[in-house]
$ cat target_15.txt   # compact mmCIF, N, CA and C atoms
# COMPACT_ATOMS: atom_id res chain seq x y z
N MET G 490 -54.94 150.00 38.90
CA MET G 490 -55.03 151.42 39.20
C MET G 490 -55.43 151.64 40.65
N ASN G 491 -56.39 150.86 41.17
CA ASN G 491 -56.80 151.03 42.55
C ASN G 491 -55.67 150.70 43.52
N ALA G 492 -54.84 149.70 43.19
CA ALA G 492 -53.71 149.36 44.04
C ALA G 492 -52.71 150.51 44.06
N PHE G 493 -52.53 151.16 42.92
CA PHE G 493 -51.63 152.31 42.85
C PHE G 493 -52.14 153.44 43.74
N LEU G 494 -53.43 153.74 43.65
CA LEU G 494 -54.00 154.81 44.48
C LEU G 494 -53.93 154.47 45.96
N PHE G 495 -54.20 153.21 46.29
CA PHE G 495 -54.11 152.79 47.69
C PHE G 495 -52.67 152.91 48.19
N GLY G 496 -51.70 152.51 47.37
CA GLY G 496 -50.29 152.63 47.75
C GLY G 496 -49.89 154.08 47.93
N PHE G 497 -50.36 154.94 47.03
CA PHE G 497 -50.07 156.37 47.14
C PHE G 497 -50.66 156.95 48.42
N ALA G 498 -51.90 156.59 48.73
CA ALA G 498 -52.55 157.08 49.94
C ALA G 498 -51.82 156.57 51.18
N ALA G 499 -51.43 155.31 51.17
CA ALA G 499 -50.70 154.74 52.31
C ALA G 499 -49.36 155.45 52.51
N ALA G 500 -48.66 155.72 51.42
CA ALA G 500 -47.38 156.43 51.53
C ALA G 500 -47.58 157.84 52.07
N ALA G 501 -48.63 158.52 51.61
CA ALA G 501 -48.90 159.88 52.09
C ALA G 501 -49.21 159.88 53.59
N VAL G 502 -50.00 158.90 54.03
CA VAL G 502 -50.33 158.80 55.46
C VAL G 502 -49.08 158.48 56.27
N LEU G 503 -48.24 157.59 55.76
CA LEU G 503 -47.00 157.24 56.46
C LEU G 503 -46.08 158.45 56.61
N VAL G 504 -45.90 159.18 55.52
CA VAL G 504 -45.02 160.35 55.57
C VAL G 504 -45.59 161.41 56.52
N ALA G 505 -46.88 161.69 56.39
CA ALA G 505 -47.51 162.73 57.22
C ALA G 505 -47.59 162.31 58.67
N GLY G 506 -47.87 161.03 58.92
CA GLY G 506 -48.07 160.58 60.29
C GLY G 506 -46.82 160.23 61.04
N ALA G 507 -45.82 159.70 60.36
CA ALA G 507 -44.62 159.24 61.05
C ALA G 507 -43.40 160.13 60.81
N LEU G 508 -43.15 160.44 59.55
CA LEU G 508 -41.93 161.20 59.25
C LEU G 508 -42.04 162.68 59.63
N SER G 509 -43.25 163.16 59.87
CA SER G 509 -43.40 164.57 60.23
C SER G 509 -42.72 164.88 61.56
N TYR G 510 -42.54 163.87 62.41
CA TYR G 510 -41.86 164.10 63.69
C TYR G 510 -40.36 164.35 63.49
N LEU G 511 -39.84 163.96 62.33
CA LEU G 511 -38.42 164.16 62.05
C LEU G 511 -38.13 165.50 61.38
N ALA G 512 -39.16 166.26 61.06
CA ALA G 512 -38.98 167.54 60.37
C ALA G 512 -38.25 168.53 61.28
N SER G 513 -37.47 169.36 60.66
CA SER G 513 -36.69 170.36 61.40
C SER G 513 -37.59 171.50 61.87
N SER G 514 -37.32 172.00 63.04
CA SER G 514 -38.05 173.17 63.54
C SER G 514 -37.38 174.47 63.11
N GLN G 515 -36.24 174.36 62.42
CA GLN G 515 -35.55 175.54 61.92
C GLN G 515 -36.35 176.16 60.78
N PRO G 516 -36.23 177.47 60.58
CA PRO G 516 -36.97 178.11 59.49
C PRO G 516 -36.61 177.50 58.14
N ASP G 517 -37.60 177.35 57.25
CA ASP G 517 -37.32 176.83 55.91
C ASP G 517 -36.72 177.95 55.06
N GLY G 518 -36.54 177.71 53.79
CA GLY G 518 -35.87 178.66 52.91
C GLY G 518 -36.50 180.04 52.91
N LEU G 519 -37.84 180.11 52.79
CA LEU G 519 -38.50 181.41 52.74
C LEU G 519 -38.40 182.12 54.09
N ASP G 520 -38.66 181.42 55.17
CA ASP G 520 -38.55 182.03 56.50
C ASP G 520 -37.12 182.49 56.77
N ALA G 521 -36.15 181.66 56.43
CA ALA G 521 -34.75 182.01 56.66
C ALA G 521 -34.36 183.25 55.85
N THR G 522 -34.85 183.33 54.61
CA THR G 522 -34.53 184.48 53.77
C THR G 522 -35.12 185.76 54.33
N THR G 523 -36.37 185.71 54.80
CA THR G 523 -37.00 186.92 55.33
C THR G 523 -36.41 187.33 56.67
N GLN G 524 -35.72 186.42 57.36
CA GLN G 524 -35.12 186.74 58.66
C GLN G 524 -33.66 187.16 58.56
N ARG G 525 -33.11 187.24 57.33
CA ARG G 525 -31.72 187.69 57.17
C ARG G 525 -31.57 189.11 57.67
N GLY G 526 -30.59 189.32 58.51
CA GLY G 526 -30.35 190.64 59.07
C GLY G 526 -30.93 190.78 60.47
N CYS G 527 -31.63 189.77 60.95
CA CYS G 527 -32.22 189.79 62.28
C CYS G 527 -31.70 188.63 63.11
N THR G 528 -31.81 188.78 64.39
CA THR G 528 -31.55 187.67 65.31
C THR G 528 -32.81 187.48 66.15
N VAL G 529 -33.04 186.25 66.56
CA VAL G 529 -34.21 185.94 67.38
C VAL G 529 -33.77 185.93 68.84
N VAL G 530 -34.36 186.83 69.63
CA VAL G 530 -34.06 186.92 71.05
C VAL G 530 -35.38 186.81 71.80
N ALA G 531 -35.52 185.77 72.60
CA ALA G 531 -36.75 185.53 73.38
C ALA G 531 -37.98 185.59 72.47
N GLU G 532 -37.90 184.91 71.32
CA GLU G 532 -38.97 184.84 70.34
C GLU G 532 -39.32 186.19 69.71
N GLN G 533 -38.46 187.17 69.83
CA GLN G 533 -38.63 188.48 69.20
C GLN G 533 -37.50 188.68 68.20
N LEU G 534 -37.82 189.31 67.06
CA LEU G 534 -36.80 189.61 66.07
C LEU G 534 -36.15 190.94 66.37
N GLU G 535 -34.81 190.95 66.38
CA GLU G 535 -34.06 192.19 66.57
C GLU G 535 -33.16 192.40 65.38
N GLY G 536 -33.06 193.63 64.93
CA GLY G 536 -32.26 193.96 63.77
C GLY G 536 -33.15 194.48 62.65
N GLU G 537 -32.64 194.40 61.42
CA GLU G 537 -33.39 194.87 60.26
C GLU G 537 -33.61 193.70 59.30
N CYS G 538 -34.85 193.28 59.16
CA CYS G 538 -35.17 192.21 58.21
C CYS G 538 -36.63 192.35 57.76
N ILE G 539 -36.95 191.68 56.66
CA ILE G 539 -38.30 191.74 56.11
C ILE G 539 -39.32 191.16 57.07
N ALA G 540 -38.93 190.13 57.80
CA ALA G 540 -39.87 189.41 58.67
C ALA G 540 -40.45 190.29 59.78
N GLN G 541 -39.79 191.40 60.10
CA GLN G 541 -40.31 192.27 61.16
C GLN G 541 -41.64 192.91 60.77
N ARG G 542 -41.89 193.02 59.48
CA ARG G 542 -43.14 193.63 59.01
C ARG G 542 -44.25 192.60 58.79
N ALA G 543 -43.95 191.34 59.06
CA ALA G 543 -44.95 190.29 58.86
C ALA G 543 -46.04 190.38 59.92
N GLU G 544 -47.26 190.06 59.49
CA GLU G 544 -48.40 190.07 60.41
C GLU G 544 -48.87 188.64 60.62
N GLU G 545 -49.55 188.41 61.71
CA GLU G 545 -50.09 187.09 62.00
C GLU G 545 -51.16 186.73 60.98
N HIS G 546 -51.14 185.50 60.50
CA HIS G 546 -52.13 185.04 59.53
C HIS G 546 -53.50 184.95 60.19
N GLY G 547 -54.53 185.15 59.43
CA GLY G 547 -55.89 185.12 59.96
C GLY G 547 -56.30 183.77 60.54
N LEU G 548 -55.67 182.69 60.09
CA LEU G 548 -56.00 181.36 60.59
C LEU G 548 -54.94 180.83 61.56
N ALA G 549 -54.11 181.71 62.09
CA ALA G 549 -53.04 181.28 62.99
C ALA G 549 -53.56 180.63 64.27
N ASP G 550 -54.78 180.93 64.65
CA ASP G 550 -55.36 180.33 65.85
C ASP G 550 -56.28 179.16 65.54
N SER G 551 -56.25 178.69 64.30
CA SER G 551 -57.13 177.57 63.93
C SER G 551 -56.62 176.27 64.55
N PRO G 552 -57.46 175.27 64.63
CA PRO G 552 -57.08 174.03 65.31
C PRO G 552 -55.86 173.31 64.74
N LEU G 553 -55.60 173.41 63.45
CA LEU G 553 -54.48 172.70 62.84
C LEU G 553 -53.33 173.63 62.44
N ALA G 554 -53.25 174.80 63.03
CA ALA G 554 -52.19 175.75 62.68
C ALA G 554 -50.82 175.23 63.12
N ASP G 555 -49.79 175.57 62.38
CA ASP G 555 -48.40 175.19 62.67
C ASP G 555 -48.20 173.69 62.72
N TYR G 556 -48.96 172.95 61.93
CA TYR G 556 -48.80 171.50 61.82
C TYR G 556 -48.98 170.79 63.16
N THR G 557 -49.83 171.31 64.01
CA THR G 557 -50.12 170.70 65.30
C THR G 557 -51.64 170.70 65.49
N ILE G 558 -52.08 170.12 66.58
CA ILE G 558 -53.48 170.19 66.95
C ILE G 558 -53.55 171.01 68.22
N GLY G 559 -54.15 172.18 68.13
CA GLY G 559 -54.27 173.06 69.28
C GLY G 559 -52.93 173.51 69.85
N GLY G 560 -51.88 173.55 69.03
CA GLY G 560 -50.57 173.98 69.48
C GLY G 560 -49.75 172.91 70.17
N ASP G 561 -50.25 171.68 70.26
CA ASP G 561 -49.54 170.58 70.92
C ASP G 561 -48.65 169.88 69.90
N ALA G 562 -47.35 170.10 69.98
CA ALA G 562 -46.40 169.54 69.02
C ALA G 562 -46.36 168.01 69.07
N ALA G 563 -46.81 167.41 70.16
CA ALA G 563 -46.85 165.95 70.25
C ALA G 563 -47.88 165.36 69.29
N LEU G 564 -48.78 166.17 68.79
CA LEU G 564 -49.84 165.70 67.90
C LEU G 564 -49.57 166.05 66.44
N THR G 565 -48.31 166.30 66.10
CA THR G 565 -47.93 166.66 64.74
C THR G 565 -48.34 165.58 63.74
N GLY G 566 -48.10 164.33 64.06
CA GLY G 566 -48.43 163.24 63.15
C GLY G 566 -49.92 163.14 62.90
N ILE G 567 -50.72 163.30 63.93
CA ILE G 567 -52.17 163.25 63.77
C ILE G 567 -52.65 164.42 62.92
N ALA G 568 -52.07 165.59 63.13
CA ALA G 568 -52.41 166.75 62.30
C ALA G 568 -52.06 166.47 60.85
N GLY G 569 -50.93 165.83 60.61
CA GLY G 569 -50.54 165.47 59.24
C GLY G 569 -51.52 164.51 58.61
N ILE G 570 -51.94 163.49 59.36
CA ILE G 570 -52.89 162.51 58.85
C ILE G 570 -54.23 163.18 58.55
N LEU G 571 -54.68 164.08 59.42
CA LEU G 571 -55.92 164.81 59.17
C LEU G 571 -55.79 165.68 57.92
N GLY G 572 -54.63 166.28 57.72
CA GLY G 572 -54.40 167.08 56.52
C GLY G 572 -54.44 166.24 55.26
N VAL G 573 -53.84 165.04 55.31
CA VAL G 573 -53.88 164.14 54.17
C VAL G 573 -55.33 163.72 53.89
N ALA G 574 -56.06 163.38 54.94
CA ALA G 574 -57.46 162.97 54.77
C ALA G 574 -58.29 164.09 54.16
N ALA G 575 -58.08 165.32 54.62
CA ALA G 575 -58.83 166.45 54.08
C ALA G 575 -58.47 166.68 52.61
N THR G 576 -57.20 166.55 52.28
CA THR G 576 -56.76 166.73 50.90
C THR G 576 -57.38 165.69 49.99
N PHE G 577 -57.37 164.42 50.43
CA PHE G 577 -57.98 163.36 49.62
C PHE G 577 -59.49 163.55 49.50
N ALA G 578 -60.15 164.02 50.55
CA ALA G 578 -61.59 164.26 50.49
C ALA G 578 -61.91 165.33 49.45
N VAL G 579 -61.13 166.40 49.43
CA VAL G 579 -61.34 167.47 48.44
C VAL G 579 -61.06 166.93 47.04
N LEU G 580 -59.99 166.16 46.90
CA LEU G 580 -59.63 165.58 45.59
C LEU G 580 -60.76 164.70 45.07
N PHE G 581 -61.25 163.79 45.89
CA PHE G 581 -62.31 162.89 45.42
C PHE G 581 -63.60 163.64 45.13
N ALA G 582 -63.90 164.68 45.91
CA ALA G 582 -65.10 165.49 45.63
C ALA G 582 -64.95 166.20 44.29
N LEU G 583 -63.78 166.76 44.02
CA LEU G 583 -63.56 167.44 42.74
C LEU G 583 -63.63 166.47 41.58
N VAL G 584 -63.04 165.29 41.73
CA VAL G 584 -63.08 164.30 40.66
C VAL G 584 -64.51 163.88 40.39
N ARG G 585 -65.29 163.70 41.43
CA ARG G 585 -66.68 163.28 41.26
C ARG G 585 -67.49 164.37 40.54
N VAL G 586 -67.23 165.62 40.88
CA VAL G 586 -67.98 166.72 40.26
C VAL G 586 -67.52 166.96 38.82
N LEU G 587 -66.22 166.87 38.58
CA LEU G 587 -65.68 167.21 37.26
C LEU G 587 -65.65 166.05 36.27
N LYS G 588 -65.84 164.83 36.76
CA LYS G 588 -65.77 163.65 35.89
C LYS G 588 -66.94 163.69 34.89
N PRO G 589 -66.63 163.46 33.62
CA PRO G 589 -67.71 163.48 32.63
C PRO G 589 -68.73 162.37 32.90
N SER G 590 -69.96 162.65 32.60
CA SER G 590 -71.02 161.69 32.79
C SER G 590 -70.86 160.52 31.83
N ARG G 591 -71.17 159.30 32.29
CA ARG G 591 -71.05 158.12 31.43
C ARG G 591 -72.40 157.69 30.84
N SER G 592 -73.37 158.55 30.90
CA SER G 592 -74.67 158.19 30.36
C SER G 592 -74.57 158.13 28.83
N ARG G 593 -75.27 157.14 28.28
CA ARG G 593 -75.24 156.95 26.83
C ARG G 593 -76.59 157.33 26.24
N ALA G 594 -76.51 158.05 25.18
CA ALA G 594 -77.76 158.40 24.48
C ALA G 594 -78.21 157.18 23.70
N GLY G 595 -79.47 156.87 23.80
CA GLY G 595 -79.81 155.81 22.96
C GLY G 595 -80.87 154.94 23.22
$ encode --input "target_15.txt" --output "structure tokens"
Amino acid sequence: MNAFLFGFAAAAVLVAGALSYLASSQPDGLDATTQRGCTVVAEQLEGECIAQRAEEHGLADSPLADYTIGGDAALTGIAGILGVAATFAVLFALVRVLKPSRSRAG
């Protein structure tokens, strides 16, 4: 079981750290759908689309926003690895808190 978890963690780090550089910068399905009817001109939307009413997210200026570190796209892989590490830290904390106690009455 531990080998399985280690393999899973290694695969997650590999994907987040290395393959993230191969990800497309084009809008994904949801972004593309909300931008239908608009064209992007100088980073501004022109036309009629749902995305024109979108507001900036409250954490848009956070250190790991947009899958980068401080807006530096060269650090995408490191941001991915930090995200994986944070996810595993939360997972292990939840498992530790929610795991039934093994104390025996007796």
$ select_by_dssp --input "target_15.txt" --residues "chain G" --states "strand (DSSP E)" --output "MDAnalysis selection string"
chainID G and resid 527:530 533:536
$ residues_around --input "target_15.txt" --residues "Gly536 of chain G" --least-positions-apart "3" --cutoff "8 Å" --atoms "all atoms listed in the file" --output "list in words"
Arg525, Gly526, Cys527, Thr528, Val529, Gln533, Ile539 and Gln541 of chain G
$ write_last_selection --input "target_15.txt" --atoms "N, CA and C atoms" --output "JSON list (two decimals), in the coordinates of the input"
[["chain", "number", "residue", "atom", "x", "y", "z"],
["G", 525, "ARG", "N", -33.11, 187.24, 57.33],
["G", 525, "ARG", "CA", -31.72, 187.69, 57.17],
["G", 525, "ARG", "C", -31.57, 189.11, 57.67],
["G", 526, "GLY", "N", -30.59, 189.32, 58.51],
["G", 526, "GLY", "CA", -30.35, 190.64, 59.07],
["G", 526, "GLY", "C", -30.93, 190.78, 60.47],
["G", 527, "CYS", "N", -31.63, 189.77, 60.95],
["G", 527, "CYS", "CA", -32.22, 189.79, 62.28],
["G", 527, "CYS", "C", -31.70, 188.63, 63.11],
["G", 528, "THR", "N", -31.81, 188.78, 64.39],
["G", 528, "THR", "CA", -31.55, 187.67, 65.31],
["G", 528, "THR", "C", -32.81, 187.48, 66.15],
["G", 529, "VAL", "N", -33.04, 186.25, 66.56],
["G", 529, "VAL", "CA", -34.21, 185.94, 67.38],
["G", 529, "VAL", "C", -33.77, 185.93, 68.84],
["G", 533, "GLN", "N", -38.46, 187.17, 69.83],
["G", 533, "GLN", "CA", -38.63, 188.48, 69.20],
["G", 533, "GLN", "C", -37.50, 188.68, 68.20],
["G", 539, "ILE", "N", -36.95, 191.68, 56.66],
["G", 539, "ILE", "CA", -38.30, 191.74, 56.11],
["G", 539, "ILE", "C", -39.32, 191.16, 57.07],
["G", 541, "GLN", "N", -39.79, 191.40, 60.10],
["G", 541, "GLN", "CA", -40.31, 192.27, 61.16],
["G", 541, "GLN", "C", -41.64, 192.91, 60.77]]
$ closest_residue --input "target_15.txt" --among "G:Thr576, G:Thr523, G:Ser514, G:Ser590" --to "Asp555 of chain G" --atoms "only C-alpha atoms"
G:Ser514
$ residues_around --input "target_15.txt" --residues "segment 557-573 of chain G" --least-positions-apart "3" --cutoff "7 Å" --atoms "all atoms listed in the file" --output "list in words"
Ala501, Val502, Val504, Ala505, Gly506, Ala507, Leu508, Ser509, Tyr510, Ser551, Pro552, Leu553, Ala554, Thr576, Phe577 and Ala578 of chain G
$ select_by_dssp --input "target_15.txt" --residues "segment 491-540 of chain G" --states "helix (DSSP H, G or I)" --output "JSON, numbers by chain"
{"G": [491, 492, 493, 494, 495, 496, 497, 498, 499, 500, 501, 502, 503, 504, 505, 506, 508, 509, 510, 511, 518, 519, 520, 521, 522, 523, 539, 540]}
$ atom_distance --input "target_15.txt" --atom1 "atom CA of Asp517 of chain G" --atom2 "atom C of Cys538 of chain G"
15.6 Å
$ atom_distance --input "target_15.txt" --atom1 "atom CA of Ser513 of chain G" --atom2 "atom CA of Gly496 of chain G"
26.2 Å
$ atom_distance --input "target_15.txt" --atom1 "atom CA of Thr522 of chain G" --atom2 "atom C of Glu544 of chain G"
16.4 Å
$ build_atoms --input "target_15.txt" --residues "segment 495-506 of chain G" --atoms "all heavy atoms" --output "PDB file, keeping the file's coordinate frame"
ATOM      1  N   PHE G 495     -54.200 153.210  46.290  1.00  0.00           N
ATOM      2  CA  PHE G 495     -54.110 152.790  47.690  1.00  0.00           C
ATOM      3  C   PHE G 495     -52.670 152.910  48.190  1.00  0.00           C
ATOM      4  O   PHE G 495     -52.438 153.378  49.299  1.00  0.00           O
ATOM      5  CB  PHE G 495     -54.606 151.343  47.849  1.00  0.00           C
ATOM      6  CG  PHE G 495     -54.521 150.867  49.264  1.00  0.00           C
ATOM      7  CD1 PHE G 495     -55.433 151.298  50.214  1.00  0.00           C
ATOM      8  CD2 PHE G 495     -53.511 150.004  49.657  1.00  0.00           C
ATOM      9  CE1 PHE G 495     -55.355 150.886  51.533  1.00  0.00           C
ATOM     10  CE2 PHE G 495     -53.410 149.571  50.965  1.00  0.00           C
ATOM     11  CZ  PHE G 495     -54.332 150.010  51.913  1.00  0.00           C
ATOM     12  N   GLY G 496     -51.700 152.510  47.370  1.00  0.00           N
ATOM     13  CA  GLY G 496     -50.290 152.630  47.750  1.00  0.00           C
ATOM     14  C   GLY G 496     -49.890 154.080  47.930  1.00  0.00           C
ATOM     15  O   GLY G 496     -49.152 154.423  48.865  1.00  0.00           O
ATOM     16  N   PHE G 497     -50.360 154.940  47.030  1.00  0.00           N
ATOM     17  CA  PHE G 497     -50.070 156.370  47.140  1.00  0.00           C
ATOM     18  C   PHE G 497     -50.660 156.950  48.420  1.00  0.00           C
ATOM     19  O   PHE G 497     -50.000 157.702  49.141  1.00  0.00           O
ATOM     20  CB  PHE G 497     -50.614 157.119  45.917  1.00  0.00           C
ATOM     21  CG  PHE G 497     -50.343 158.589  45.937  1.00  0.00           C
ATOM     22  CD1 PHE G 497     -49.073 159.077  45.681  1.00  0.00           C
ATOM     23  CD2 PHE G 497     -51.352 159.484  46.223  1.00  0.00           C
ATOM     24  CE1 PHE G 497     -48.814 160.437  45.712  1.00  0.00           C
ATOM     25  CE2 PHE G 497     -51.109 160.844  46.254  1.00  0.00           C
ATOM     26  CZ  PHE G 497     -49.830 161.322  45.997  1.00  0.00           C
ATOM     27  N   ALA G 498     -51.900 156.590  48.730  1.00  0.00           N
ATOM     28  CA  ALA G 498     -52.550 157.080  49.940  1.00  0.00           C
ATOM     29  C   ALA G 498     -51.820 156.570  51.180  1.00  0.00           C
ATOM     30  O   ALA G 498     -51.613 157.318  52.143  1.00  0.00           O
ATOM     31  CB  ALA G 498     -54.014 156.659  49.966  1.00  0.00           C
ATOM     32  N   ALA G 499     -51.430 155.310  51.170  1.00  0.00           N
ATOM     33  CA  ALA G 499     -50.700 154.740  52.310  1.00  0.00           C
ATOM     34  C   ALA G 499     -49.360 155.450  52.510  1.00  0.00           C
ATOM     35  O   ALA G 499     -48.967 155.745  53.649  1.00  0.00           O
ATOM     36  CB  ALA G 499     -50.496 153.246  52.110  1.00  0.00           C
ATOM     37  N   ALA G 500     -48.660 155.720  51.420  1.00  0.00           N
ATOM     38  CA  ALA G 500     -47.380 156.430  51.530  1.00  0.00           C
ATOM     39  C   ALA G 500     -47.580 157.840  52.070  1.00  0.00           C
ATOM     40  O   ALA G 500     -46.794 158.313  52.905  1.00  0.00           O
ATOM     41  CB  ALA G 500     -46.700 156.478  50.155  1.00  0.00           C
ATOM     42  N   ALA G 501     -48.630 158.520  51.610  1.00  0.00           N
ATOM     43  CA  ALA G 501     -48.900 159.880  52.090  1.00  0.00           C
ATOM     44  C   ALA G 501     -49.210 159.880  53.590  1.00  0.00           C
ATOM     45  O   ALA G 501     -48.715 160.730  54.331  1.00  0.00           O
ATOM     46  CB  ALA G 501     -50.058 160.497  51.313  1.00  0.00           C
ATOM     47  N   VAL G 502     -50.000 158.900  54.030  1.00  0.00           N
ATOM     48  CA  VAL G 502     -50.330 158.800  55.460  1.00  0.00           C
ATOM     49  C   VAL G 502     -49.080 158.480  56.270  1.00  0.00           C
ATOM     50  O   VAL G 502     -48.866 159.043  57.349  1.00  0.00           O
ATOM     51  CB  VAL G 502     -51.451 157.763  55.695  1.00  0.00           C
ATOM     52  CG1 VAL G 502     -51.605 157.434  57.163  1.00  0.00           C
ATOM     53  CG2 VAL G 502     -52.760 158.279  55.131  1.00  0.00           C
ATOM     54  N   LEU G 503     -48.240 157.590  55.760  1.00  0.00           N
ATOM     55  CA  LEU G 503     -47.000 157.240  56.460  1.00  0.00           C
ATOM     56  C   LEU G 503     -46.080 158.450  56.610  1.00  0.00           C
ATOM     57  O   LEU G 503     -45.573 158.722  57.690  1.00  0.00           O
ATOM     58  CB  LEU G 503     -46.276 156.119  55.719  1.00  0.00           C
ATOM     59  CG  LEU G 503     -44.933 155.702  56.319  1.00  0.00           C
ATOM     60  CD1 LEU G 503     -45.145 155.029  57.668  1.00  0.00           C
ATOM     61  CD2 LEU G 503     -44.184 154.795  55.371  1.00  0.00           C
ATOM     62  N   VAL G 504     -45.900 159.180  55.520  1.00  0.00           N
ATOM     63  CA  VAL G 504     -45.020 160.350  55.570  1.00  0.00           C
ATOM     64  C   VAL G 504     -45.590 161.410  56.520  1.00  0.00           C
ATOM     65  O   VAL G 504     -44.887 161.954  57.364  1.00  0.00           O
ATOM     66  CB  VAL G 504     -44.813 160.938  54.154  1.00  0.00           C
ATOM     67  CG1 VAL G 504     -44.161 162.311  54.213  1.00  0.00           C
ATOM     68  CG2 VAL G 504     -43.973 159.992  53.321  1.00  0.00           C
ATOM     69  N   ALA G 505     -46.880 161.690  56.390  1.00  0.00           N
ATOM     70  CA  ALA G 505     -47.510 162.730  57.220  1.00  0.00           C
ATOM     71  C   ALA G 505     -47.590 162.310  58.670  1.00  0.00           C
ATOM     72  O   ALA G 505     -47.394 163.126  59.572  1.00  0.00           O
ATOM     73  CB  ALA G 505     -48.906 163.055  56.694  1.00  0.00           C
ATOM     74  N   GLY G 506     -47.870 161.030  58.920  1.00  0.00           N
ATOM     75  CA  GLY G 506     -48.070 160.580  60.290  1.00  0.00           C
ATOM     76  C   GLY G 506     -46.820 160.230  61.040  1.00  0.00           C
ATOM     77  O   GLY G 506     -46.721 160.457  62.249  1.00  0.00           O
TER      78      GLY G 506
END
